[in-house]
>>> print(open('query_25.txt').read())   # compact mmCIF, C-alpha atoms
# COMPACT_ATOMS: atom_id res chain seq x y z
CA MET A 1 0.00 0.00 0.00
CA ILE A 2 1.33 3.39 -1.02
CA THR A 3 0.07 6.64 0.46
CA ALA A 4 0.38 9.85 -1.52
CA ILE A 5 0.89 12.98 0.54
CA LEU A 6 -0.18 15.95 -1.57
CA LEU A 7 1.25 19.21 -0.26
CA THR A 8 -1.05 22.21 -0.70
CA ALA A 9 -0.22 24.23 2.42
CA GLY A 10 2.30 26.75 1.00
CA GLU A 11 1.71 30.49 0.83
CA SER A 12 2.52 30.81 -2.88
CA ARG A 13 4.70 33.83 -2.11
CA ARG A 14 6.50 34.02 -5.47
CA MET A 15 3.18 34.26 -7.31
CA THR A 16 2.54 37.67 -5.68
CA ARG A 17 -1.18 38.10 -4.97
CA ASP A 18 -2.56 34.86 -6.39
CA ASN A 19 -2.56 31.41 -4.85
CA LYS A 20 -1.10 29.46 -7.75
CA LEU A 21 -2.95 26.29 -6.77
CA LEU A 22 -6.28 28.00 -7.44
CA LEU A 23 -5.32 29.27 -10.89
CA GLU A 24 -7.04 27.63 -13.83
CA TYR A 25 -5.40 24.78 -15.71
CA LYS A 26 -7.27 22.70 -18.28
CA GLY A 27 -10.60 23.99 -17.05
CA HIS A 28 -10.07 23.39 -13.33
CA PRO A 29 -8.06 24.86 -10.46
CA MET A 30 -4.51 23.58 -10.78
CA VAL A 31 -4.71 21.72 -7.47
CA ARG A 32 -7.82 19.84 -8.63
CA HIS A 33 -6.12 18.80 -11.86
CA VAL A 34 -3.12 17.45 -9.92
CA ALA A 35 -5.30 15.62 -7.38
CA SER A 36 -7.40 14.10 -10.16
CA GLN A 37 -4.32 12.58 -11.78
CA LEU A 38 -3.28 11.10 -8.44
CA ILE A 39 -6.73 9.58 -8.02
CA LYS A 40 -6.35 7.91 -11.43
CA SER A 41 -2.97 6.46 -10.42
CA ASP A 42 -2.13 3.27 -8.55
CA VAL A 43 -1.63 4.89 -5.14
CA ASP A 44 -3.91 3.46 -2.49
CA GLU A 45 -4.54 6.49 -0.28
CA ILE A 46 -4.28 10.24 -0.83
CA ILE A 47 -3.80 12.67 2.03
CA VAL A 48 -4.04 16.37 1.20
CA LEU A 49 -2.06 18.58 3.57
CA THR A 50 -3.67 22.00 3.80
CA GLY A 51 -2.59 25.21 5.48
CA TYR A 52 -2.67 28.58 3.73
CA GLN A 53 -6.18 29.33 2.40
CA HIS A 54 -7.22 25.82 3.42
CA ARG A 55 -10.93 26.48 2.97
CA GLN A 56 -10.43 27.59 -0.63
CA ILE A 57 -8.24 24.56 -1.33
CA GLU A 58 -10.80 22.16 0.13
CA GLU A 59 -13.54 23.83 -1.90
CA ALA A 60 -11.47 23.45 -5.08
CA LEU A 61 -11.14 19.73 -4.29
CA SER A 62 -14.73 19.13 -3.22
CA GLY A 63 -16.29 15.87 -4.33
CA LEU A 64 -12.97 14.05 -4.77
CA GLU A 65 -12.04 10.99 -2.71
CA LEU A 66 -9.36 12.56 -0.55
CA LYS A 67 -8.45 12.82 3.11
CA PHE A 68 -7.79 16.37 4.27
CA VAL A 69 -5.34 17.12 7.07
CA TYR A 70 -4.74 20.68 8.24
CA ASN A 71 -1.22 21.70 9.22
CA PRO A 72 -1.35 24.68 11.62
CA ASP A 73 2.44 25.08 11.28
CA TYR A 74 2.39 25.34 7.47
CA TYR A 75 4.35 28.61 7.53
CA SER A 76 7.39 26.80 8.97
CA GLY A 77 8.09 24.89 5.77
CA MET A 78 7.39 21.78 3.76
CA ALA A 79 8.77 19.29 6.28
CA SER A 80 6.10 20.17 8.83
CA SER A 81 3.40 19.19 6.35
CA VAL A 82 5.10 15.92 5.40
CA THR A 83 5.52 15.12 9.09
CA ARG A 84 1.88 15.92 9.78
CA GLY A 85 0.78 13.75 6.86
CA THR A 86 2.90 10.81 7.97
CA GLU A 87 1.09 10.87 11.31
CA GLU A 88 -2.24 10.35 9.54
CA ILE A 89 -1.51 7.57 7.08
CA SER A 90 -3.06 4.12 7.22
CA GLU A 91 -1.32 1.55 9.40
CA LYS A 92 -1.19 -0.67 6.31
CA SER A 93 0.87 1.81 4.34
CA GLN A 94 4.25 0.48 3.23
CA GLY A 95 5.52 3.76 1.86
CA ILE A 96 4.68 7.38 1.17
CA MET A 97 4.92 9.34 -2.05
CA VAL A 98 5.54 13.02 -1.33
CA CYS A 99 3.81 14.99 -4.09
CA LEU A 100 3.84 18.69 -4.92
CA SER A 101 0.58 20.27 -6.02
CA ASP A 102 2.18 22.81 -8.37
CA MET A 103 3.39 20.21 -10.89
CA PRO A 104 0.43 20.05 -13.28
CA LYS A 105 2.15 18.15 -16.09
CA LEU A 106 2.41 15.02 -13.98
CA GLU A 107 -0.17 12.46 -15.07
CA ALA A 108 -1.26 9.14 -13.59
CA MET A 109 1.33 7.23 -15.63
CA HIS A 110 4.15 9.33 -14.17
CA TYR A 111 3.07 8.51 -10.63
CA ASN A 112 2.64 4.86 -11.60
CA ALA A 113 6.24 4.65 -12.83
CA LEU A 114 7.41 5.43 -9.30
CA VAL A 115 4.92 3.05 -7.70
CA LYS A 116 6.20 0.24 -9.94
CA LYS A 117 9.82 1.11 -9.23
CA TYR A 118 9.10 1.02 -5.50
CA ALA A 119 7.38 -2.37 -5.77
CA LYS A 120 10.35 -3.76 -7.72
CA GLU A 121 12.85 -2.56 -5.12
CA LYS A 122 10.76 -4.00 -2.28
CA GLU A 123 10.59 -7.35 -4.04
CA ALA A 124 14.38 -7.28 -4.17
CA GLY A 125 14.47 -6.88 -0.39
CA ASN A 126 15.37 -3.19 -0.31
CA THR A 127 14.00 -0.38 1.85
CA PRO A 128 14.24 2.34 -0.78
CA ILE A 129 14.06 6.08 -1.06
CA ILE A 130 13.31 6.78 -4.72
CA ARG A 131 13.61 10.15 -6.45
CA PRO A 132 13.42 11.12 -10.13
CA VAL A 133 16.69 12.51 -11.49
CA HIS A 134 17.83 13.73 -14.87
CA ARG A 135 21.30 15.16 -15.42
CA ASP A 136 21.68 17.77 -12.66
CA SER A 137 17.96 17.98 -11.82
CA PHE A 138 16.19 16.39 -8.87
CA GLY A 139 12.47 15.92 -9.26
CA TYR A 140 9.25 14.96 -7.53
CA PRO A 141 7.46 12.94 -6.28
CA VAL A 142 9.81 11.24 -3.84
CA VAL A 143 8.93 7.83 -2.41
CA PHE A 144 10.02 6.87 1.11
CA ASP A 145 9.76 3.36 2.48
CA LYS A 146 8.03 2.98 5.86
CA ALA A 147 11.45 2.31 7.39
CA PHE A 148 11.99 6.09 7.28
CA PHE A 149 8.67 7.23 8.74
CA THR A 150 10.24 7.97 12.13
CA ASP A 151 13.05 9.95 10.50
CA ILE A 152 10.47 11.96 8.56
CA LYS A 153 8.43 12.68 11.68
CA ASN A 154 11.58 14.00 13.35
CA CYS A 155 12.67 16.12 10.38
CA ARG A 156 12.56 19.88 10.96
CA ALA A 157 14.09 21.17 7.73
CA GLN A 158 12.27 23.98 5.92
CA ASP A 159 12.92 22.57 2.45
CA GLY A 160 11.27 19.21 2.96
CA CYS A 161 12.84 15.87 3.80
CA ASN A 162 16.18 16.26 2.04
CA PRO A 163 18.08 15.53 5.30
CA VAL A 164 16.40 12.11 5.43
CA ILE A 165 17.80 11.37 1.98
CA THR A 166 21.24 12.72 2.88
CA GLU A 167 21.44 10.65 6.05
CA ASN A 168 20.35 7.43 4.33
CA GLN A 169 22.41 7.43 1.15
CA GLU A 170 22.78 3.64 1.21
CA HIS A 171 19.02 3.38 0.64
CA TYR A 172 18.71 6.24 -1.84
CA ILE A 173 17.89 5.18 -5.39
CA PRO A 174 18.09 7.97 -7.98
CA TYR A 175 15.67 6.94 -10.71
CA THR A 176 16.59 8.33 -14.13
CA LEU A 177 13.44 9.75 -15.69
CA ALA A 178 13.83 12.32 -18.44
CA ASN A 179 10.23 13.52 -18.74
CA GLU A 180 10.00 17.21 -17.85
CA ALA A 181 6.82 16.60 -15.86
CA TYR A 182 8.92 15.41 -12.92
CA TYR A 183 10.90 18.66 -12.79
CA LEU A 184 8.48 21.41 -13.85
CA ASP A 185 6.84 23.23 -10.97
CA ILE A 186 4.95 26.50 -11.14
CA ASP A 187 6.34 29.15 -8.81
CA THR A 188 5.94 32.50 -10.57
CA ALA A 189 3.51 34.27 -12.87
CA THR A 190 6.01 33.75 -15.69
CA ASP A 191 6.01 29.99 -15.06
CA TYR A 192 2.22 29.98 -15.20
CA TYR A 193 2.02 31.95 -18.45
CA LYS A 194 4.56 29.60 -20.08
CA LEU A 195 2.52 26.63 -18.90
CA ARG A 196 -0.55 27.95 -20.70
CA GLU A 197 1.19 28.80 -23.96
>>> encode(input="query_25.txt", output="structure tokens")
Amino acid sequence: MITAILLTAGESRRMTRDNKLLLEYKGHPMVRHVASQLIKSDVDEIIVLTGYQHRQIEEALSGLELKFVYNPDYYSGMASSVTRGTEEISEKSQGIMVCLSDMPKLEAMHYNALVKKYAKEKEAGNTPIIRPVHRDSFGYPVVFDKAFFTDIKNCRAQDGCNPVITENQEHYIPYTLANEAYYLDIDTATDYYKLRE
């Protein structure tokens, strides 16, 4: 069982006045498009971590089969949301897939590639941390085996769970995936305009 943790709590500061996750993409708020692709994928559970403008985010995702978890410490950085999400996952979960909600080019098949890679590594007896890489780029989502749940819960970094990867290099599996969907996130108005071209 794989649990996807979809991070939606950020303040979207580089987008100036707009919350990027509520901007339109393919006829829906961006966050709804991303969540819909996750629902179509092979993940077994989806937890949406909310924070900034959480009511608007939940409204944008209304009617979808998702579990919402509010992170009151969202302003302290990504790791606090991942930690909060890890506390709420099913006891049956074997791993978590940390997903960003501002990566609208990711489709179900992209998520599935990581699910399959995780399953293959588990069958080989590994306890993997899997991350997309291409040349000098590091992408998302990142999959963590349940062996690292305690490390994640104790992580206090602002930029996510990178220290967990750094401290467990023997388990880290960089997965070469060239598709730009794994590396393209929308941070600024310029990024958004290019996305819609």
>>> atom_distance(input="query_25.txt", atom1="atom CA of A:Thr3", atom2="atom CA of A:Lys153")
15.2 Å
>>> atom_distance(input="query_25.txt", atom1="atom CA of A:Ala4", atom2="atom CA of A:His33")
15.1 Å
>>> atom_distance(input="query_25.txt", atom1="atom CA of A:Val69", atom2="atom CA of A:Ser12")
18.7 Å
>>> closest_residue(input="query_25.txt", among="A:Thr150, A:Gln56, A:Thr190, A:Ser101", to="A:Thr86", atoms="all atoms listed in the file")
A:Thr150
>>> closest_atom_pairs(input="query_25.txt", of="stretch 82-187 of chain A", to="stretch 27-30 of chain A", cutoff="9 Å", atoms="only C-alpha atoms", output="tab-separated table")
residue	atom	partner	partner_atom	distance
A:Ser101	CA	A:Met30	CA	7.7
A:Asp102	CA	A:Met30	CA	7.2
A:Met103	CA	A:Met30	CA	8.6
A:Pro104	CA	A:Met30	CA	6.6
>>> closest_residue(input="query_25.txt", among="A:Asn154, A:Ser93, A:Ser137, A:Thr8", to="A:Pro174", atoms="only C-alpha atoms")
A:Ser137
>>> closest_residue(input="query_25.txt", among="A:Ile39, A:Leu7, A:Leu177, A:Leu22", to="A:Ser80", atoms="all atoms listed in the file")
A:Leu7
>>> closest_residue(input="query_25.txt", among="A:Asn112, A:Thr50, A:Ser62, A:Asn71", to="A:Gln37", atoms="only C-alpha atoms")
A:Asn112
>>> closest_residue(input="query_25.txt", among="A:Pro141, A:Gly85, A:Gly63, A:Gly51", to="A:Val98", atoms="all atoms listed in the file")
A:Pro141
>>> closest_residue(input="query_25.txt", among="A:Val43, A:Val31, A:Leu49, A:Ile57", to="A:Ala79", atoms="only C-alpha atoms")
A:Leu49
>>> residues_around(input="query_25.txt", residues="A:Lys117", least_positions_apart="6", cutoff="12 Å", atoms="only C-alpha atoms", output="VMD selection string")
chain A and resid 97 110 to 111 123 to 124 126 to 132 142 to 145 173 to 177
